[in-house]
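A quick write-up on the structure given underneath.
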Amino acid sequence: MKYPFKEVESNWQKFWEEKKVHKTDLTNLQKKIYCLVMFIYPSAAKMHIGHWYNYGPTDSWARFKKLKGFNVFEPMGYDAFGLPAENYAIKTGVHPKDSTLKNIADIREMMKQMGGMYDWDAELMTCVSEYYKWNQWLFLQLYKKGLAYRKNAPVNWCPKDQTVLANEQVLNDGTCERCGTTVIQKNLTQWFFKITNYADELLDGLNKIDWPEKTKLMQTNWIGKSVGTEVEFAIEGHEEKITVFTTRPDTLFGVTYVVIAPEKDLVQRITKPAFKEGVDKYIESVKSFSEIERTSTVKEKTGISTGAYAINPVNGERVPIWIADYALATYGTGCVMAVPGHDERDFEFAKKFNLPIRKVILESGADANDELTAAYTEVGTMINSGKYNGLQSDKGIEKITDDLEANKIGKRKINYRLRDWLISRQRYWGTPIPVIYCDKCGEVPVPEDQLPVVLPYEVAFKPDGGSPLASNKEFVETKCPHCGGNAHRDVDTMDTFVDSSWYYLRYMNPNFNSAMFDSKLANDWTPVDMYVGGAEHAVMHLLYARFIHKFLRDIGMVCSNEPFQKLIHQGTITAQGAKMSKSRGNVVDPHSFMENYGADVFRMYLMFMGPYELGGDWSDKGIVGVDRFVQRAYIMFEVHASSAKKFPTKDKYEISELSEIEKSIYRKVNQSIQKTDIEIENFRFNTAVAALMELSNEMKNLSECRKDLQTYVLERFAVMIAPLAPHLGEECWKLLGKENSLFQNPVWFDVDEKALSVDNMTIVVQINGKVRSKIDLPVDMLEAEVKKAVFADEKVKSYTDGKQVVKEIYVPNKIYTIVIK
């Protein structure tokens, strides 16, 4: 009979739900595991193949751990606020709340059809006030500690989405990570979270978590810690000074010009009248460039002189002051000392604008008088540097910094590339910012007892660059909590990464209403033991969550330092070697394959396609092979129905008492248990599936084994396939005559270590470097006996008879090498 997957999957899903098989006892902390996938964004009504590839295999890992006796907590939720729902509202008129809640209902049903082991009592969604109230509470705690603040700043603006983007949301080519539109710069008054206060701890913590090295490196580079020196340059004819940050104070004598960020107010005050028109035009021209574009190493260098001069503090030399787009007002001091002889960017700039290039660090073996053809950036000997001549430049860094500090014209400083987290968004579908503005009292945080500030339903969705909340007069107009006078609410909403920065802490009790989350349960179950999601979140969600976790620790809400102890990234599923997209017409619809093959076959094929962290290329033919494997397995269990009742098995068998066929199958099933255990544990699902396929082939001779041994093999096969194909595993276990569900009463069989030892080994015989024969011999046979067997072999004799053997080498249990002439 063909495997009736629709009936089987429906029955087991119903059973699991009715019996609450996947409900986790959170009070049982013995062998606890918190397994979590980055929660789904319900922007569409269907789960696409990428969702499946994220959730299915991770659920298989969680099921495997449950079978091994762990108390596994695997919840599910919805990252429900965000731009796509709002853009959909602008396009169709369907309100974001309505479309999102419908999508969540559809996705929940699909998750159940997938066979996920989710504890549905722990479900949460971020778009309800019961959740986002605590985003607002978190904002107020940060505000109290001086870590939430408002300032006017140049921000990244997406013209299409009509909203601000954090630096992390702008791609390297200067486009919006959501829609691909070129991002421009705009000055706006915005709210920021002071993540920079945690920069050092965010760096140090990377050494204590089990994350992919590439992800840790991305965070390290994004935080961008630089240890250096701040140096003051006087401005000729002005009281003000320019402060620069440098990691190479040893090159101060090589400064031939200074660069200031075009947007700094100082530029207008020092620019000479004759240069003002050109400077103003240049400032206007760079406004459209994002920080990413401006600091690109491949972008053509641009700049203009202000006509003003700075004074080099170490030699009193006049150096011209320029403005250039690669200097950023938001990084360091916004001013840069330029040393073209020893900095690649400065060298290119100087060459383009015909500025002086001076050599002050001499490469070992080079001539001091030779012209530089490229910037020399390594350690060397200091020259043209006054009293520091002859010093090694790495020693010169410390010596010059000591002297600058002694003369009060410089000081040691640490800088970071990391910027504070810009959280204001000019959009509707998000958490309202809990701040009120009063003409008399100024900026007033909403009192905690007045939370939540509820997101109103009635708003106008117009892509005009303003916040849609501003259209709701009833929401905007309010009373000041301090003086009772007329006031107005902040009409921006929070970046949705605030929602996902702490959600994992609330799953343990999503209906908890007296605090942000149940601290007792959160401390019992976090950090998350296994966290799975896309590598694209490396410097956004994963960095923000680490920051917020550390802040919550500092205010006594959690007692751990990190949110996620182990992290795994899934790969990408392609079709015909290309990324799936509607425009290419190569999108795979999971629903159609589930209709034809069932959830288990679809899940297993995704896992079989390739290594989980790399992904694989979809093939309609490939899934047919997995379906055939499942059909064979089901028929095998049908044939042996009730065998566990009729022919009870033993825990172990004496190998010496088994026939050769029985021996072979007994060894193979134990090797497979060991293999699947190791492979699933390490997210190597493709090789685990392959091991079961090999075992299935070996089991073709199962009928030639004694009946109780057949039961032994079938029980173990059912248990091994259960995490990979949960409905099938449960059904096979039931067919054997088992009364309890596998996931209700978890089972994982131990390996019979004796079965792993091999009786015979194949000895490869090489003659003059070529393989001439292969001989099966007992393991660890004496070399003299091996030699006798080798030279008695007919193939070997055909090459060695009548020839002189000049050399023999034996590698025990592997190779016998013969050299003849």
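Identifiers in this document derive from the order of the structure tokens: chains are assigned A, B, ..., residues are numbered from 1 separately in each chain, and ligands are numbered from 1 in order of occurrence.
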| Got a sec: who's within 12 Å of Asn596 (chain A), counting only C-alpha atoms, leaving out chain neighbours fewer than 3 positions off, as a ChimeraX atom specification? | /A:3-6,589-593,599-602,620,623-624,627
| From A:Phe353, A:Phe683, A:Phe233, A:Tyr597, residue lying nearest Leu404 (chain A) [only C-alpha atoms] | A:Phe233
| Which of A:Cys559, A:Cys127, A:Ile400, A:Met761 sits closest to Pro96 (chain A) [using only C-alpha atoms] |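 So, comparing all the options, the nearest one is A:Cys127.
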| In Å to one decimal, how far is CA of Lys645 (chain A) from CA of Leu714 (chain A)? |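 For CA of Leu714 (chain A) relative to CA of Lys645 (chain A), the distance reads 12.6 Å.
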| Surrounding residues of region 385-399 of chain A excluding itself and chain neighbours under 2 positions, 7 Å, only C-alpha atoms, as a PyMOL selection string | chain A and resi 248-250+253+360-361+379-383+401-403
Restricting it to all heavy atoms, dump the selection as a compact mmCIF listing (two decimals), in the first residue's frame.
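Saved the output as again-v5.txt:
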```
# COMPACT_ATOMS: atom_id res chain seq x y z
N ARG A 248 48.27 56.74 14.15
CA ARG A 248 49.68 56.82 13.74
C ARG A 248 50.30 58.17 14.08
O ARG A 248 50.71 58.93 13.20
CB ARG A 248 49.79 56.57 12.22
CG ARG A 248 49.39 55.19 11.74
CD ARG A 248 50.35 54.11 12.21
NE ARG A 248 51.73 54.39 11.86
CZ ARG A 248 52.28 54.06 10.69
NH1 ARG A 248 51.57 53.44 9.77
NH2 ARG A 248 53.56 54.32 10.45
N PRO A 249 50.40 58.49 15.38
CA PRO A 249 51.06 59.75 15.75
C PRO A 249 52.54 59.76 15.34
O PRO A 249 53.14 60.84 15.26
CB PRO A 249 50.89 59.81 17.27
CG PRO A 249 50.66 58.40 17.69
CD PRO A 249 49.92 57.76 16.57
N ASP A 250 53.12 58.61 15.05
CA ASP A 250 54.51 58.54 14.60
C ASP A 250 54.69 59.20 13.24
O ASP A 250 55.82 59.49 12.82
CB ASP A 250 54.98 57.08 14.53
CG ASP A 250 54.07 56.21 13.67
OD1 ASP A 250 52.84 56.32 13.81
OD2 ASP A 250 54.58 55.43 12.85
N PHE A 253 54.96 64.23 11.58
CA PHE A 253 55.86 65.10 10.82
C PHE A 253 55.60 65.00 9.32
O PHE A 253 56.11 65.81 8.54
CB PHE A 253 57.33 64.76 11.14
CG PHE A 253 57.78 65.25 12.48
CD1 PHE A 253 57.57 64.50 13.62
CD2 PHE A 253 58.43 66.48 12.61
CE1 PHE A 253 57.98 64.95 14.87
CE2 PHE A 253 58.85 66.93 13.86
CZ PHE A 253 58.62 66.17 15.00
N VAL A 360 58.29 60.07 6.05
CA VAL A 360 58.80 60.20 7.42
C VAL A 360 59.03 58.84 8.08
O VAL A 360 59.54 58.77 9.19
CB VAL A 360 57.87 61.07 8.29
CG1 VAL A 360 57.85 62.51 7.80
CG2 VAL A 360 56.46 60.49 8.35
N ILE A 361 58.64 57.77 7.40
CA ILE A 361 58.92 56.40 7.88
C ILE A 361 59.67 55.70 6.75
O ILE A 361 59.15 55.58 5.63
CB ILE A 361 57.64 55.61 8.21
CG1 ILE A 361 56.74 56.39 9.18
CG2 ILE A 361 57.99 54.23 8.78
CD1 ILE A 361 57.30 56.59 10.56
N VAL A 379 55.72 49.21 9.61
CA VAL A 379 56.70 49.71 10.58
C VAL A 379 58.02 49.97 9.87
O VAL A 379 58.42 49.23 8.96
CB VAL A 379 56.89 48.70 11.73
CG1 VAL A 379 58.02 49.13 12.66
CG2 VAL A 379 55.59 48.52 12.50
N GLY A 380 58.69 51.04 10.26
CA GLY A 380 60.00 51.37 9.69
C GLY A 380 60.76 52.29 10.62
O GLY A 380 60.43 52.41 11.81
N THR A 381 61.76 52.96 10.06
CA THR A 381 62.58 53.88 10.85
C THR A 381 62.10 55.31 10.62
O THR A 381 61.87 55.73 9.48
CB THR A 381 64.06 53.77 10.44
OG1 THR A 381 64.47 52.40 10.57
CG2 THR A 381 64.94 54.66 11.30
N MET A 382 61.95 56.08 11.72
CA MET A 382 61.48 57.46 11.59
C MET A 382 62.58 58.35 11.02
O MET A 382 63.73 58.29 11.45
CB MET A 382 61.02 58.00 12.95
CG MET A 382 59.79 57.27 13.49
SD MET A 382 59.24 57.86 15.12
CE MET A 382 58.62 59.49 14.69
N ILE A 383 62.25 59.14 9.98
CA ILE A 383 63.16 60.11 9.37
C ILE A 383 62.41 61.43 9.19
O ILE A 383 61.17 61.46 9.30
CB ILE A 383 63.71 59.62 8.00
CG1 ILE A 383 62.53 59.38 7.02
CG2 ILE A 383 64.55 58.37 8.15
CD1 ILE A 383 62.98 59.10 5.59
N THR A 401 53.29 60.29 21.63
CA THR A 401 52.07 60.47 22.43
C THR A 401 52.40 60.95 23.84
O THR A 401 51.73 61.83 24.39
CB THR A 401 51.27 59.15 22.48
OG1 THR A 401 50.97 58.75 21.14
CG2 THR A 401 49.97 59.33 23.25
N ASP A 402 53.46 60.39 24.43
CA ASP A 402 53.90 60.85 25.77
C ASP A 402 54.21 62.34 25.74
O ASP A 402 53.81 63.11 26.64
CB ASP A 402 55.16 60.08 26.21
CG ASP A 402 54.85 58.64 26.60
OD1 ASP A 402 53.66 58.33 26.84
OD2 ASP A 402 55.79 57.82 26.64
N ASP A 403 54.93 62.78 24.70
CA ASP A 403 55.32 64.20 24.60
C ASP A 403 54.10 65.10 24.34
O ASP A 403 54.02 66.21 24.88
CB ASP A 403 56.37 64.38 23.50
CG ASP A 403 57.70 63.75 23.87
OD1 ASP A 403 57.88 63.38 25.05
OD2 ASP A 403 58.57 63.61 22.98
```
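When CA of Gly341 (chain A) is paired with CA of Ser285 (chain A), their separation reads 28.5 Å.
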| strand (DSSP E) per DSSP on the backbone: members of region 504-606 of chain A, as a list in words | Met530, Tyr531, Val532, Leu567, Ile568, Thr572, Ile573, Thr574, Ala575, Ala578 and Lys579 of chain A
| said: Report as a PyMOL selection string all protein, DNA and RNA residues lying within 8 Å of region 324-333 of chain A, evaluated on only C-alpha atoms, omitting residues in the same chain fewer than 4 positions from it. | reply: chain A and resi 243-245+259-264+286+291+294-296+301-304+415-417+419
